[in-house]
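Enquirer: Dropping in run_38.tsv, with TSV, N, CA, C and O atoms.
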chain	number	residue	atom	x	y	z
A	1	LEU	N	-5.95	119.29	243.21
A	1	LEU	CA	-4.75	119.41	244.03
A	1	LEU	C	-4.47	120.86	244.38
A	1	LEU	O	-4.08	121.17	245.51
A	2	GLU	N	-4.68	121.73	243.41
A	2	GLU	CA	-4.45	123.14	243.66
A	2	GLU	C	-5.40	123.67	244.73
A	2	GLU	O	-4.98	124.33	245.68
A	3	ALA	N	-6.68	123.37	244.59
A	3	ALA	CA	-7.68	123.84	245.54
A	3	ALA	C	-7.48	123.21	246.92
A	3	ALA	O	-7.61	123.88	247.94
A	4	LEU	N	-7.13	121.93	246.94
A	4	LEU	CA	-6.88	121.26	248.20
A	4	LEU	C	-5.68	121.90	248.90
A	4	LEU	O	-5.71	122.13	250.12
A	5	GLY	N	-4.64	122.20	248.14
A	5	GLY	CA	-3.48	122.88	248.71
A	5	GLY	C	-3.86	124.21	249.33
A	5	GLY	O	-3.43	124.55	250.43
A	6	TYR	N	-4.69	124.96	248.64
A	6	TYR	CA	-5.14	126.25	249.15
A	6	TYR	C	-5.92	126.09	250.45
A	6	TYR	O	-5.70	126.83	251.42
A	7	CYS	N	-6.81	125.12	250.49
A	7	CYS	CA	-7.60	124.88	251.71
A	7	CYS	C	-6.69	124.48	252.88
A	7	CYS	O	-6.87	124.95	254.00
A	8	LEU	N	-5.73	123.62	252.60
A	8	LEU	CA	-4.80	123.20	253.65
A	8	LEU	C	-3.96	124.36	254.15
A	8	LEU	O	-3.71	124.49	255.35
A	9	TRP	N	-3.55	125.23	253.23
A	9	TRP	CA	-2.78	126.42	253.61
A	9	TRP	C	-3.61	127.30	254.56
A	9	TRP	O	-3.13	127.77	255.57
A	10	LYS	N	-4.88	127.51	254.21
A	10	LYS	CA	-5.77	128.33	255.04
A	10	LYS	C	-6.05	127.69	256.39
A	10	LYS	O	-6.36	128.39	257.35
A	11	GLN	N	-5.93	126.37	256.47
A	11	GLN	CA	-6.13	125.66	257.73
A	11	GLN	C	-4.86	125.63	258.58
A	11	GLN	O	-4.84	125.03	259.65
A	12	GLY	N	-3.80	126.25	258.08
A	12	GLY	CA	-2.54	126.26	258.83
A	12	GLY	C	-1.75	124.98	258.71
A	12	GLY	O	-1.01	124.61	259.62
A	13	ARG	N	-1.88	124.32	257.57
A	13	ARG	CA	-1.18	123.06	257.32
A	13	ARG	C	-0.26	123.22	256.11
A	13	ARG	O	-0.49	122.64	255.05
A	14	PRO	N	0.80	124.02	256.25
A	14	PRO	CA	1.64	124.37	255.11
A	14	PRO	C	2.37	123.19	254.47
A	14	PRO	O	2.55	123.16	253.25
A	15	THR	N	2.78	122.22	255.25
A	15	THR	CA	3.50	121.07	254.68
A	15	THR	C	2.59	120.27	253.75
A	15	THR	O	3.01	119.86	252.67
A	16	GLU	N	1.36	120.09	254.17
A	16	GLU	CA	0.40	119.36	253.33
A	16	GLU	C	0.01	120.19	252.10
A	16	GLU	O	-0.17	119.63	251.01
A	17	ALA	N	-0.10	121.50	252.28
A	17	ALA	CA	-0.39	122.38	251.14
A	17	ALA	C	0.73	122.28	250.12
A	17	ALA	O	0.48	122.11	248.92
A	18	GLU	N	1.96	122.35	250.60
A	18	GLU	CA	3.12	122.25	249.71
A	18	GLU	C	3.09	120.95	248.92
A	18	GLU	O	3.30	120.94	247.70
A	19	SER	N	2.81	119.86	249.59
A	19	SER	CA	2.78	118.55	248.94
A	19	SER	C	1.78	118.53	247.79
A	19	SER	O	2.07	118.01	246.70
A	20	ASN	N	0.60	119.09	247.99
A	20	ASN	CA	-0.42	119.11	246.95
A	20	ASN	C	-0.03	120.01	245.79
A	20	ASN	O	-0.25	119.67	244.63
A	21	TRP	N	0.55	121.18	246.08
A	21	TRP	CA	0.97	122.09	245.01
A	21	TRP	C	2.12	121.50	244.21
A	21	TRP	O	2.16	121.63	242.99
A	22	VAL	N	3.04	120.83	244.89
A	22	VAL	CA	4.16	120.19	244.18
A	22	VAL	C	3.61	119.11	243.25
A	22	VAL	O	4.03	119.00	242.09
A	23	ARG	N	2.66	118.33	243.72
A	23	ARG	CA	2.05	117.29	242.87
A	23	ARG	C	1.34	117.91	241.68
A	23	ARG	O	1.42	117.40	240.56
A	24	ALA	N	0.62	119.00	241.92
A	24	ALA	CA	-0.10	119.67	240.83
A	24	ALA	C	0.87	120.16	239.76
A	24	ALA	O	0.62	120.00	238.56
A	25	VAL	N	1.98	120.73	240.19
A	25	VAL	CA	2.98	121.25	239.24
A	25	VAL	C	3.68	120.12	238.50
A	25	VAL	O	4.03	120.27	237.33
A	26	LYS	N	3.86	118.99	239.15
A	26	LYS	CA	4.45	117.84	238.46
A	26	LYS	C	3.53	117.34	237.35
A	26	LYS	O	3.98	116.93	236.29
A	27	LEU	N	2.22	117.38	237.61
A	27	LEU	CA	1.26	116.94	236.60
A	27	LEU	C	1.13	117.95	235.46
A	27	LEU	O	0.92	117.57	234.32
A	28	ARG	N	1.24	119.22	235.82
A	28	ARG	CA	1.12	120.28	234.81
A	28	ARG	C	2.11	121.40	235.14
A	28	ARG	O	1.79	122.33	235.87
A	29	PRO	N	3.33	121.30	234.62
A	29	PRO	CA	4.40	122.23	234.97
A	29	PRO	C	4.12	123.70	234.67
A	29	PRO	O	4.78	124.57	235.22
A	30	ASP	N	3.15	123.98	233.81
A	30	ASP	CA	2.85	125.37	233.48
A	30	ASP	C	1.63	125.91	234.24
A	30	ASP	O	1.10	126.96	233.90
A	31	MET	N	1.23	125.23	235.30
A	31	MET	CA	0.06	125.65	236.08
A	31	MET	C	0.45	126.87	236.92
A	31	MET	O	0.96	126.76	238.03
A	32	GLU	N	0.18	128.02	236.38
A	32	GLU	CA	0.64	129.28	236.98
A	32	GLU	C	0.11	129.50	238.39
A	32	GLU	O	0.86	129.93	239.28
A	33	THR	N	-1.15	129.21	238.62
A	33	THR	CA	-1.72	129.48	239.94
A	33	THR	C	-1.10	128.60	241.02
A	33	THR	O	-0.82	129.08	242.12
A	34	ALA	N	-0.87	127.34	240.73
A	34	ALA	CA	-0.23	126.45	241.71
A	34	ALA	C	1.22	126.88	241.95
A	34	ALA	O	1.69	126.87	243.09
A	35	LEU	N	1.91	127.27	240.89
A	35	LEU	CA	3.27	127.77	241.04
A	35	LEU	C	3.30	129.02	241.92
A	35	LEU	O	4.17	129.16	242.79
A	36	GLU	N	2.36	129.91	241.69
A	36	GLU	CA	2.34	131.15	242.47
A	36	GLU	C	2.09	130.86	243.95
A	36	GLU	O	2.75	131.42	244.82
A	37	GLU	N	1.14	129.99	244.24
A	37	GLU	CA	0.86	129.64	245.64
A	37	GLU	C	2.09	129.00	246.28
A	37	GLU	O	2.42	129.28	247.44
A	38	LEU	N	2.76	128.14	245.54
A	38	LEU	CA	3.96	127.48	246.05
A	38	LEU	C	5.06	128.49	246.33
A	38	LEU	O	5.73	128.44	247.37
A	39	ALA	N	5.25	129.44	245.43
A	39	ALA	CA	6.27	130.47	245.63
A	39	ALA	C	5.95	131.32	246.86
A	39	ALA	O	6.85	131.62	247.67
A	40	ILE	N	4.69	131.69	247.02
A	40	ILE	CA	4.28	132.49	248.18
A	40	ILE	C	4.50	131.69	249.47
A	40	ILE	O	4.98	132.22	250.47
A	41	LEU	N	4.18	130.42	249.43
A	41	LEU	CA	4.39	129.55	250.59
A	41	LEU	C	5.86	129.53	250.97
A	41	LEU	O	6.22	129.74	252.13
A	42	TYR	N	6.74	129.27	250.01
A	42	TYR	CA	8.17	129.22	250.29
A	42	TYR	C	8.68	130.57	250.80
A	42	TYR	O	9.48	130.61	251.73
A	43	HIS	N	8.21	131.62	250.21
A	43	HIS	CA	8.60	132.96	250.63
A	43	HIS	C	8.19	133.20	252.08
A	43	HIS	O	8.98	133.68	252.90
A	44	SER	N	6.98	132.85	252.43
A	44	SER	CA	6.48	133.07	253.79
A	44	SER	C	7.13	132.16	254.81
A	44	SER	O	7.19	132.49	255.99
A	45	MET	N	7.65	131.01	254.37
A	45	MET	CA	8.30	130.07	255.27
A	45	MET	C	9.80	130.32	255.36
A	45	MET	O	10.54	129.51	255.91
A	46	ASP	N	10.25	131.46	254.82
A	46	ASP	CA	11.65	131.83	254.84
A	46	ASP	C	12.53	130.76	254.21
A	46	ASP	O	13.53	130.32	254.78
A	47	ASN	N	12.13	130.33	253.03
A	47	ASN	CA	12.88	129.37	252.24
A	47	ASN	C	13.25	130.05	250.92
A	47	ASN	O	12.62	129.81	249.88
A	48	PRO	N	14.25	130.95	250.95
A	48	PRO	CA	14.52	131.78	249.78
A	48	PRO	C	14.98	131.01	248.54
A	48	PRO	O	14.62	131.39	247.43
A	49	GLU	N	15.74	129.94	248.72
A	49	GLU	CA	16.20	129.21	247.54
A	49	GLU	C	15.04	128.60	246.76
A	49	GLU	O	14.98	128.70	245.54
A	50	SER	N	14.12	127.98	247.48
A	50	SER	CA	12.96	127.38	246.81
A	50	SER	C	12.06	128.46	246.22
A	50	SER	O	11.55	128.30	245.11
A	51	ALA	N	11.88	129.56	246.96
A	51	ALA	CA	11.05	130.65	246.45
A	51	ALA	C	11.64	131.22	245.17
A	51	ALA	O	10.92	131.45	244.19
A	52	MET	N	12.96	131.44	245.15
A	52	MET	CA	13.60	131.98	243.94
A	52	MET	C	13.43	131.04	242.76
A	52	MET	O	13.15	131.48	241.65
A	53	HIS	N	13.61	129.75	243.01
A	53	HIS	CA	13.46	128.76	241.93
A	53	HIS	C	12.04	128.83	241.33
A	53	HIS	O	11.88	128.85	240.11
A	54	VAL	N	11.04	128.88	242.19
A	54	VAL	CA	9.65	128.89	241.70
A	54	VAL	C	9.32	130.22	241.04
A	54	VAL	O	8.64	130.25	240.01
A	55	TYR	N	9.80	131.34	241.58
A	55	TYR	CA	9.55	132.63	240.93
A	55	TYR	C	10.20	132.67	239.55
A	55	TYR	O	9.61	133.21	238.60
A	56	ARG	N	11.38	132.10	239.42
A	56	ARG	CA	12.01	132.04	238.08
A	56	ARG	C	11.16	131.20	237.12
A	56	ARG	O	11.02	131.54	235.95
A	57	ARG	N	10.62	130.13	237.63
A	57	ARG	CA	9.75	129.29	236.80
A	57	ARG	C	8.48	130.06	236.42
A	57	ARG	O	8.02	129.98	235.28
A	58	LEU	N	7.93	130.82	237.36
A	58	LEU	CA	6.75	131.63	237.07
A	58	LEU	C	7.05	132.65	235.96
A	58	LEU	O	6.21	132.88	235.09
A	59	ILE	N	8.22	133.24	236.00
A	59	ILE	CA	8.59	134.21	234.97
A	59	ILE	C	8.71	133.54	233.61
A	59	ILE	O	8.35	134.12	232.59
A	60	GLU	N	9.18	132.29	233.59
A	60	GLU	CA	9.21	131.54	232.33
A	60	GLU	C	7.79	131.29	231.82
A	60	GLU	O	7.52	131.38	230.63
A	61	VAL	N	6.88	130.95	232.72
A	61	VAL	CA	5.51	130.65	232.35
A	61	VAL	C	4.77	131.91	231.91
A	61	VAL	O	4.03	131.89	230.93
A	62	ASN	N	4.98	133.00	232.64
A	62	ASN	CA	4.28	134.25	232.32
A	62	ASN	C	5.22	135.44	232.51
A	62	ASN	O	5.23	136.07	233.57
A	63	PRO	N	6.02	135.76	231.50
A	63	PRO	CA	6.99	136.85	231.62
A	63	PRO	C	6.35	138.24	231.63
A	63	PRO	O	7.03	139.23	231.85
A	64	TRP	N	5.06	138.34	231.40
A	64	TRP	CA	4.37	139.62	231.34
A	64	TRP	C	3.82	140.08	232.69
A	64	TRP	O	3.33	141.18	232.82
A	65	ARG	N	3.90	139.24	233.69
A	65	ARG	CA	3.36	139.59	235.01
A	65	ARG	C	4.47	140.19	235.87
A	65	ARG	O	5.31	139.48	236.43
A	66	SER	N	4.47	141.49	235.96
A	66	SER	CA	5.57	142.22	236.58
A	66	SER	C	5.74	141.91	238.07
A	66	SER	O	6.85	142.00	238.58
A	67	GLU	N	4.69	141.54	238.74
A	67	GLU	CA	4.82	141.30	240.18
A	67	GLU	C	5.73	140.12	240.49
A	67	GLU	O	6.35	140.07	241.55
A	68	TYR	N	5.87	139.19	239.54
A	68	TYR	CA	6.78	138.06	239.77
A	68	TYR	C	8.23	138.54	239.84
A	68	TYR	O	9.01	138.05	240.64
A	69	TYR	N	8.56	139.52	239.02
A	69	TYR	CA	9.91	140.08	239.05
A	69	TYR	C	10.15	140.78	240.38
A	69	TYR	O	11.23	140.67	240.97
A	70	GLY	N	9.16	141.52	240.84
A	70	GLY	CA	9.27	142.22	242.11
A	70	GLY	C	9.42	141.26	243.28
A	70	GLY	O	10.25	141.49	244.18
A	71	ARG	N	8.65	140.21	243.26
A	71	ARG	CA	8.75	139.21	244.35
A	71	ARG	C	10.09	138.50	244.32
A	71	ARG	O	10.68	138.23	245.37
A	72	LEU	N	10.56	138.20	243.12
A	72	LEU	CA	11.88	137.57	242.99
A	72	LEU	C	12.95	138.49	243.55
A	72	LEU	O	13.84	138.06	244.29
A	73	ALA	N	12.87	139.76	243.23
A	73	ALA	CA	13.85	140.73	243.74
A	73	ALA	C	13.76	140.82	245.27
A	73	ALA	O	14.78	140.94	245.94
A	74	HIS	N	12.56	140.75	245.81
A	74	HIS	CA	12.38	140.81	247.26
A	74	HIS	C	13.01	139.62	247.96
A	74	HIS	O	13.59	139.76	249.02
A	75	VAL	N	12.86	138.45	247.36
A	75	VAL	CA	13.44	137.23	247.96
A	75	VAL	C	14.94	137.34	247.96
A	75	VAL	O	15.63	137.02	248.87
Would you mind writing the file out in structure tokens?
Expert:
Amino acid sequence: LEALGYCLWKQGRPTEAESNWVRAVKLRPDMETALEELAILYHSMDNPESAMHVYRRLIEVNPWRSEYYGRLAHV
């Protein structure tokens, strides 16, 4: 699901990419890479509330990755 989401994103199909990443995260809530892709997607689609929610979740999953704090601040 994660890889399929990435391929769909690269093909310019963000809604389908989102659907796959959301499904991946539902199956494994601590899947950092799928969460990160989802947060970037929301950020790029000018959806700040969803992006903030996912960045906060990323910080819970990996509080040592400083770029998540920076992205959250940017949103």
Enquirer: Pick out the residues sitting within 7 Å of stretch 43-60 of chain A, and hand them over as an MDAnalysis selection string; count only N, CA, C and O atoms, and ignore anything fewer than 2 positions along from it in its own chain.
Expert: chainID A and resid 29 32 35:41 62:65 68:69 71:72 75
Enquirer: To one decimal in Å, tell me the separation between atom C of A:Val61 and atom N of A:Tyr6.
Expert: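 So the two atoms, atom C of A:Val61 and atom N of A:Tyr6, lie 20.4 Å apart.
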Enquirer: In Å, how far is it from atom CA of A:His74 to atom CA of A:Leu4?
Expert: 27.5 Å
Enquirer: So how many Å separate atom O of A:Asn20 and atom N of A:Gly70, to one decimal?
Expert: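 Spanning atom O of A:Asn20 to atom N of A:Gly70 is a straight-line distance of 24.1 Å.
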Enquirer: Within 12 Å of A:Cys7, counting only C-alpha atoms, which residues qualify if same-chain residues fewer than 4 places away don't, as a PyMOL selection string?
Expert: chain A and resi 1-3+11-14+16-18+20-21+37
Enquirer: Keeping N, CA, C and O atoms for every residue in the selection just given, could you write it to a file as a tab-separated table (two decimals), keeping the file's coordinate frame?
Expert:
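Generated file (selection_1.tsv):
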chain	number	residue	atom	x	y	z
A	1	LEU	N	-5.95	119.29	243.21
A	1	LEU	CA	-4.75	119.41	244.03
A	1	LEU	C	-4.47	120.86	244.38
A	1	LEU	O	-4.08	121.17	245.51
A	2	GLU	N	-4.68	121.73	243.41
A	2	GLU	CA	-4.45	123.14	243.66
A	2	GLU	C	-5.40	123.67	244.73
A	2	GLU	O	-4.98	124.33	245.68
A	3	ALA	N	-6.68	123.37	244.59
A	3	ALA	CA	-7.68	123.84	245.54
A	3	ALA	C	-7.48	123.21	246.92
A	3	ALA	O	-7.61	123.88	247.94
A	11	GLN	N	-5.93	126.37	256.47
A	11	GLN	CA	-6.13	125.66	257.73
A	11	GLN	C	-4.86	125.63	258.58
A	11	GLN	O	-4.84	125.03	259.65
A	12	GLY	N	-3.80	126.25	258.08
A	12	GLY	CA	-2.54	126.26	258.83
A	12	GLY	C	-1.75	124.98	258.71
A	12	GLY	O	-1.01	124.61	259.62
A	13	ARG	N	-1.88	124.32	257.57
A	13	ARG	CA	-1.18	123.06	257.32
A	13	ARG	C	-0.26	123.22	256.11
A	13	ARG	O	-0.49	122.64	255.05
A	14	PRO	N	0.80	124.02	256.25
A	14	PRO	CA	1.64	124.37	255.11
A	14	PRO	C	2.37	123.19	254.47
A	14	PRO	O	2.55	123.16	253.25
A	16	GLU	N	1.36	120.09	254.17
A	16	GLU	CA	0.40	119.36	253.33
A	16	GLU	C	0.01	120.19	252.10
A	16	GLU	O	-0.17	119.63	251.01
A	17	ALA	N	-0.10	121.50	252.28
A	17	ALA	CA	-0.39	122.38	251.14
A	17	ALA	C	0.73	122.28	250.12
A	17	ALA	O	0.48	122.11	248.92
A	18	GLU	N	1.96	122.35	250.60
A	18	GLU	CA	3.12	122.25	249.71
A	18	GLU	C	3.09	120.95	248.92
A	18	GLU	O	3.30	120.94	247.70
A	20	ASN	N	0.60	119.09	247.99
A	20	ASN	CA	-0.42	119.11	246.95
A	20	ASN	C	-0.03	120.01	245.79
A	20	ASN	O	-0.25	119.67	244.63
A	21	TRP	N	0.55	121.18	246.08
A	21	TRP	CA	0.97	122.09	245.01
A	21	TRP	C	2.12	121.50	244.21
A	21	TRP	O	2.16	121.63	242.99
A	37	GLU	N	1.14	129.99	244.24
A	37	GLU	CA	0.86	129.64	245.64
A	37	GLU	C	2.09	129.00	246.28
A	37	GLU	O	2.42	129.28	247.44
